[in-house]
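Asks: Just final30.pdb, nothing more (PDB, C-alpha atoms, pLDDT in the B column):
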```
ATOM      1  CA  MET A  11      77.544 176.640  62.486  1.00 37.00           C
ATOM      2  CA  ALA A  12      80.123 174.105  63.693  1.00 44.00           C
ATOM      3  CA  ILE A  13      81.614 176.663  66.081  1.00 45.00           C
ATOM      4  CA  ARG A  14      78.175 177.410  67.516  1.00 48.00           C
ATOM      5  CA  SER A  15      77.437 173.711  68.093  1.00 53.00           C
ATOM      6  CA  LEU A  16      80.824 173.227  69.786  1.00 53.00           C
ATOM      7  CA  ALA A  17      80.111 176.157  72.085  1.00 58.00           C
ATOM      8  CA  MET A  18      76.680 174.782  72.915  1.00 63.00           C
ATOM      9  CA  ASP A  19      78.223 171.381  73.596  1.00 90.00           C
ATOM     10  CA  CYS A  20      80.679 172.743  76.188  1.00 94.00           C
ATOM     11  CA  TRP A  21      77.764 174.070  78.226  1.00 95.00           C
ATOM     12  CA  SER A  22      75.902 170.768  78.076  1.00 94.00           C
ATOM     13  CA  VAL A  23      79.006 168.814  79.122  1.00 95.00           C
ATOM     14  CA  LEU A  24      79.427 171.125  82.128  1.00 96.00           C
ATOM     15  CA  HIS A  25      75.664 171.149  82.847  1.00 95.00           C
ATOM     16  CA  LEU A  26      75.593 174.958  82.784  1.00 96.00           C
ATOM     17  CA  HIS A  27      73.656 177.704  81.036  1.00 93.00           C
ATOM     18  CA  ASP A  28      75.506 179.458  78.236  1.00 88.00           C
ATOM     19  CA  ASP A  29      75.743 182.660  80.285  1.00 91.00           C
ATOM     20  CA  ALA A  30      77.669 181.053  83.170  1.00 94.00           C
ATOM     21  CA  GLU A  31      80.466 183.073  84.731  1.00 95.00           C
ATOM     22  CA  THR A  32      84.038 181.908  85.333  1.00 96.00           C
ATOM     23  CA  ARG A  33      83.322 181.026  88.950  1.00 97.00           C
ATOM     24  CA  ASP A  34      80.385 178.799  87.974  1.00 97.00           C
ATOM     25  CA  ILE A  35      82.460 177.110  85.263  1.00 98.00           C
ATOM     26  CA  LYS A  36      85.264 176.311  87.691  1.00 98.00           C
ATOM     27  CA  ARG A  37      82.828 174.944  90.265  1.00 98.00           C
ATOM     28  CA  ALA A  38      81.100 172.725  87.707  1.00 98.00           C
ATOM     29  CA  TYR A  39      84.453 171.434  86.483  1.00 97.00           C
ATOM     30  CA  ALA A  40      85.587 170.591  90.026  1.00 97.00           C
ATOM     31  CA  ARG A  41      82.293 168.816  90.713  1.00 97.00           C
ATOM     32  CA  LEU A  42      82.442 166.800  87.491  1.00 96.00           C
ATOM     33  CA  LEU A  43      86.067 165.781  88.042  1.00 95.00           C
ATOM     34  CA  LYS A  44      84.754 163.396  90.680  1.00 93.00           C
ATOM     35  CA  THR A  45      82.853 161.574  87.937  1.00 92.00           C
ATOM     36  CA  PHE A  46      85.300 161.835  85.031  1.00 92.00           C
ATOM     37  CA  ARG A  47      88.587 160.799  86.571  1.00 92.00           C
ATOM     38  CA  PRO A  48      91.516 160.624  84.097  1.00 90.00           C
ATOM     39  CA  ASP A  49      92.669 157.241  85.424  1.00 93.00           C
ATOM     40  CA  GLU A  50      89.203 155.684  85.123  1.00 93.00           C
ATOM     41  CA  ASP A  51      87.618 157.423  82.110  1.00 93.00           C
ATOM     42  CA  ALA A  52      90.298 159.029  79.948  1.00 94.00           C
ATOM     43  CA  GLU A  53      87.872 159.850  77.112  1.00 94.00           C
ATOM     44  CA  GLY A  54      85.294 161.390  79.439  1.00 93.00           C
ATOM     45  CA  PHE A  55      87.990 163.380  81.208  1.00 95.00           C
ATOM     46  CA  GLN A  56      89.341 164.674  77.882  1.00 95.00           C
ATOM     47  CA  ARG A  57      85.849 165.760  76.819  1.00 94.00           C
ATOM     48  CA  LEU A  58      85.330 167.469  80.195  1.00 96.00           C
ATOM     49  CA  ARG A  59      88.702 169.230  80.021  1.00 96.00           C
ATOM     50  CA  GLU A  60      88.049 170.509  76.491  1.00 95.00           C
ATOM     51  CA  ALA A  61      84.587 171.762  77.501  1.00 96.00           C
ATOM     52  CA  TYR A  62      86.083 173.480  80.554  1.00 97.00           C
ATOM     53  CA  GLU A  63      88.778 175.252  78.537  1.00 96.00           C
ATOM     54  CA  GLN A  64      86.289 176.281  75.864  1.00 95.00           C
ATOM     55  CA  ALA A  65      83.777 177.603  78.389  1.00 96.00           C
ATOM     56  CA  LEU A  66      86.490 179.601  80.169  1.00 96.00           C
ATOM     57  CA  ALA A  67      87.618 181.080  76.853  1.00 95.00           C
ATOM     58  CA  ILE A  68      84.050 182.107  76.010  1.00 94.00           C
ATOM     59  CA  ALA A  69      83.531 183.615  79.479  1.00 94.00           C
ATOM     60  CA  GLN A  70      86.805 185.544  79.161  1.00 94.00           C
ATOM     61  CA  TRP A  71      85.847 186.752  75.680  1.00 93.00           C
ATOM     62  CA  ARG A  72      82.561 188.078  77.074  1.00 90.00           C
ATOM     63  CA  LEU A  73      84.442 190.088  79.717  1.00 87.00           C
ATOM     64  CA  GLU A  74      86.644 191.771  77.112  1.00 85.00           C
TER
END
```
Will you turn the file into structure tokens for me?
Replies:
Amino acid sequence: MAIRSLAMDCWSVLHLHDDAETRDIKRAYARLLKTFRPDEDAEGFQRLREAYEQALAIAQWRLE
């Protein structure tokens, strides 16, 4: 259950549906980087980065 909630959380952080493709994930990440800058909001940036990496891993897993 914890894994499922983490996966759901990555989509909410990125403001995407859970069936988003790699291209959509990368675009959302680039857009949100303007808000969560590492020099201004280190915690927010870390959360965004983790969500991005997790979402990419899930999208890649779906392709395989």
Asks: As an exercise, work out the distance from CA of Ala52 (chain A) to CA of Asp29 (chain A) in Å and give it to one decimal place.
Replies: 27.8 Å
Asks: Give me the residues within 7 Å of region 59-72 of chain A as number ranges by chain, counting only C-alpha atoms and dropping any in the same chain fewer than 4 places off.
Replies: A: 20-21, 23-24, 31-32, 35, 39, 55
Asks: Hey, can you check how far CA of Glu50 (chain A) sits from CA of His27 (chain A)?
Replies: 27.3 Å
Asks: Please, what distance in Å, to one decimal, runs between CA of Arg57 (chain A) and CA of His25 (chain A)?
Replies: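 So the answer is 13.0 Å.
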Asks: Which of these, A:Leu73, A:Leu43, A:Pro48, A:Glu53, has the shortest distance to Ala30 (chain A) once you count only C-alpha atoms?
Replies: A:Leu73
Asks: Considering all atoms listed in the file, can you say which of A:Asp28, A:Asp19, A:Leu42, A:Lys36 comes closest to Gly54 (chain A)?
Replies: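 Checking each candidate against Gly54 (chain A), we get A:Leu42 as the closest.
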